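Heads up: the structure comes next, in structure tokens.
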Amino acid sequence: MADLTNHFNRVNELLNDWDGVGLSHELSMTELIISYLNSINHNSHSGMSNQKKQHIQAKVNQIKKIDIVVKRQQDIDTLCTNKIQHNYNEIVAYRLRSISSLLDSKYYDAFRYLIEAINSFVKVFELWSQDILWRLSLDLRLMAELATLNGGNDNNNNNNNNNVTIDYFEEASRTLLSKCFQAANADRTANLAESKKNAALGVVNQLFQIYFKINNLKLCKNLIKTMESPGFPALESYPLNQVITYRFFNGRLSVFNGQYKKAQEELLYAFNKCPSDSIKNKRLILLFLVPMQLEQCKFPKKSLLEKYKLTQFIDIVQSIKSGNIKQFNECLATHQNFFISKGIYLILEKLKIIVYRNLFKKVHLITTGQRIPIGNFVSALKWMENDAIDIDETECILSNLIFNGYLKGYISHKVALVVSPTNPFPKLPLN
């Protein structure tokens, strides 16, 4: 009983002090859920420090000790009502029920009790407790992932008696939007510094993660429009770690929308501001930043790619710089599965036009005069790419280069390329 009593005393002490940060740690289920996720995804520990692993294990051990006592209680609701103050008794009770269900592998119940804890919390939410809102939002997203990985709506585990297929991510996003985000957004306090809207970004970031997970990116646009409206605090006023996450996802969304310049700006900000010891996060940012930089003909150093274990890009970078279309194609083929799994294959494939541009520039440099025989380009492509390539295919590539502004000149059909006397291959990037 001592472990549960200490937990109740600690909650009351933090409530009396209005210590939202401390209370968010005390009520955290993050460590327990992560330990379950790590047991499924065996590589999840990679990049995690020993100190972080020890913290997770210590928190899990503490939760398990408390749960042993909870399971002996006949009425946990009455116990929490008698022991917890400031209208937090329901929150604590539902959280304890969620933990018990999770430890019993009843993922449906664990998920539902956590939603009930959130429903109770938003009724008493104040700005000082914003860290608790962020923690509950994070835990709900992680719980949705765990429930999904463990068979979704398996009746044996989840007690879902209606036998209805449950989309946990969809359910989680609905709760985060209608309860957590709305709890912050509904505040009409004139002074933004005192507004609950200061808690909105942490919830939005969790929604971003879910929307990208379920590939429903159109919903991200509405959140961005709201967050960047005049009625919300400036982005710089939010915690830096939240701004980094927000701009990372904003950058990824810009990639999806073909806004490569904006994507580069957002991702570059996220990478530069991300703490140097957050190797895993910086690598994730680089995965999307490198293609954006390459599109702008900004080439990362080999040492940077090696440091963050992104060696798949090394030959891509070299082939673009040298105009080696054969090396570019081979690298894309070799690492095709990796690039596809990260959602960047098509972006990299579009860079082929720059490789052609650099190859044809070399042909121009070794040819005297403004009229370059089409056969010279055909020979370069046969040597570099494909023996079967013909004049028509070569002229098609040249036409694309001219149309997209990578080459200034015109084609004399099946005879020659007539290049501009001044700057026939404009300096990159073009915009």
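Letters for chains follow the order of the structure tokens (A, B, ...), residue numbers begin at 1 for each chain, and ligand numbers begin at 1 in the order shown.
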Contacts of range 222-256 of chain A with range 267-282 of chain A up to 6 Å, shortest pair per row, only C-alpha atoms, as a tab-separated table:
```
residue	atom	partner	partner_atom	distance
A:Ile244	CA	A:Ala270	CA	4.8
A:Phe248	CA	A:Leu267	CA	5.4
A:Gly251	CA	A:Leu267	CA	5.3
```
Limited to C-alpha atoms, could you put the picked residues into a file as a PDB file, in the first residue's frame?
```pdb
ATOM      1  CA  ILE A 244      11.460  22.158 -34.201  1.00  0.00           C
ATOM      2  CA  PHE A 248       9.917  19.478 -39.431  1.00  0.00           C
ATOM      3  CA  GLY A 251       8.740  20.909 -44.156  1.00  0.00           C
TER       4      GLY A 251
END
```
Could you list, with a cut-off of 12 Å and counting only C-alpha atoms, the residues of range 16-35 of chain A near range 103-113 of chain A, each shown with its nearest atom pair and the distance in Å rounded to one decimal, rows sorted by chain and ascending number, as CSV?
```
residue,atom,partner,partner_atom,distance
A:Met29,CA,A:Ala110,CA,10.9
A:Leu32,CA,A:Leu103,CA,9.0
A:Ile33,CA,A:Leu103,CA,9.8
A:Ser35,CA,A:Leu103,CA,11.2
```
Print the selection's residues with all heavy atoms to a file, as a short mmCIF file (atom, residue, chain, number, x, y, z; two decimals), in the first residue's frame.
```
data_model
loop_
_atom_site.label_atom_id
_atom_site.label_comp_id
_atom_site.auth_asym_id
_atom_site.auth_seq_id
_atom_site.Cartn_x
_atom_site.Cartn_y
_atom_site.Cartn_z
N MET A 29 2.55 7.82 -18.61
CA MET A 29 2.52 6.41 -19.00
C MET A 29 3.49 6.15 -20.15
O MET A 29 3.60 5.03 -20.66
CB MET A 29 1.10 6.00 -19.44
CG MET A 29 0.08 5.98 -18.31
SD MET A 29 -1.58 5.54 -18.90
CE MET A 29 -1.30 3.90 -19.59
N LEU A 32 6.10 3.26 -19.81
CA LEU A 32 5.50 1.92 -19.85
C LEU A 32 5.12 1.55 -21.29
O LEU A 32 5.41 0.42 -21.74
CB LEU A 32 4.26 1.87 -18.96
CG LEU A 32 3.51 0.54 -18.91
CD1 LEU A 32 4.41 -0.56 -18.36
CD2 LEU A 32 2.25 0.67 -18.08
N ILE A 33 4.49 2.47 -22.01
CA ILE A 33 4.08 2.19 -23.38
C ILE A 33 5.31 1.97 -24.27
O ILE A 33 5.33 1.06 -25.10
CB ILE A 33 3.21 3.32 -23.94
CG1 ILE A 33 1.98 3.54 -23.05
CG2 ILE A 33 2.75 3.01 -25.36
CD1 ILE A 33 1.17 4.78 -23.41
N SER A 35 8.18 0.84 -23.39
CA SER A 35 8.78 -0.46 -23.08
C SER A 35 8.05 -1.57 -23.83
O SER A 35 8.69 -2.53 -24.30
CB SER A 35 8.76 -0.72 -21.57
OG SER A 35 7.44 -0.96 -21.10
#
```
What lies within 9 Å of range 184-197 of chain A using only C-alpha atoms, ignoring chain neighbours under 4 positions off, as a PyMOL selection string? chain A and resi 125-128+130+179-180+201+231-233+237
Write out as a count of residues only the set of residues from range 216-386 of chain A that DSSP, computed on the backbone, places in alpha helix (DSSP H). 119
For Val378 in chain A, work out the shell of residues within 12 Å, counting only C-alpha atoms and skipping chain neighbours fewer than 3 positions away, then give it as number ranges by chain. A: 356, 359-360, 363, 372-375, 381-398, 414-417
What gap, in Å, lies between CA of Leu102 in chain A and CA of Arg174 in chain A?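 Straight-line distance from CA of Leu102 in chain A to CA of Arg174 in chain A works out to 21.4 Å.
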Determine the nearest neighbour of Arg135 in chain A from the options A:Phe169, A:Tyr410, A:His25, A:Val60, counting only C-alpha atoms.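 Closest candidate: A:His25.
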May I have the residues within 9 Å of range 332-339 of chain A as a PyMOL selection string, using only C-alpha atoms and disregarding those fewer than 3 positions away in the same chain? chain A and resi 312+316+327-329+342-346+348-349
Could those selected residues go to a file with N, CA and C atoms, as a compact mmCIF listing (two decimals), in the first residue's frame?
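Saved as part.txt:
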```txt
# COMPACT_ATOMS: atom_id res chain seq x y z
N GLN A 312 23.65 5.95 -48.14
CA GLN A 312 22.90 5.69 -49.37
C GLN A 312 22.93 6.90 -50.31
N ILE A 316 24.73 9.13 -54.82
CA ILE A 316 23.74 10.03 -55.45
C ILE A 316 24.36 11.41 -55.60
N GLN A 327 25.98 5.92 -62.83
CA GLN A 327 26.15 5.78 -61.38
C GLN A 327 24.87 6.17 -60.65
N PHE A 328 24.20 7.22 -61.14
CA PHE A 328 22.95 7.68 -60.52
C PHE A 328 21.89 6.59 -60.60
N ASN A 329 21.71 6.01 -61.77
CA ASN A 329 20.70 4.95 -61.95
C ASN A 329 21.02 3.72 -61.10
N LYS A 342 11.11 5.36 -47.22
CA LYS A 342 11.18 6.68 -46.59
C LYS A 342 10.35 7.72 -47.33
N GLY A 343 9.77 7.32 -48.47
CA GLY A 343 8.91 8.23 -49.21
C GLY A 343 9.65 9.28 -50.02
N ILE A 344 10.90 9.01 -50.40
CA ILE A 344 11.69 10.02 -51.12
C ILE A 344 12.19 9.53 -52.48
N TYR A 345 11.78 8.34 -52.89
CA TYR A 345 12.29 7.78 -54.14
C TYR A 345 11.92 8.66 -55.34
N LEU A 346 10.66 9.04 -55.44
CA LEU A 346 10.21 9.83 -56.59
C LEU A 346 10.87 11.21 -56.62
N LEU A 348 13.93 11.85 -55.53
CA LEU A 348 15.29 11.63 -56.01
C LEU A 348 15.30 11.35 -57.51
N GLU A 349 14.31 10.62 -57.99
CA GLU A 349 14.25 10.30 -59.41
C GLU A 349 14.12 11.56 -60.26
```
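Nearest to Ile34 in chain A of all the residues A:His55, A:Leu365, A:Asn6, A:Cys220 is A:His55, based on only C-alpha atoms.
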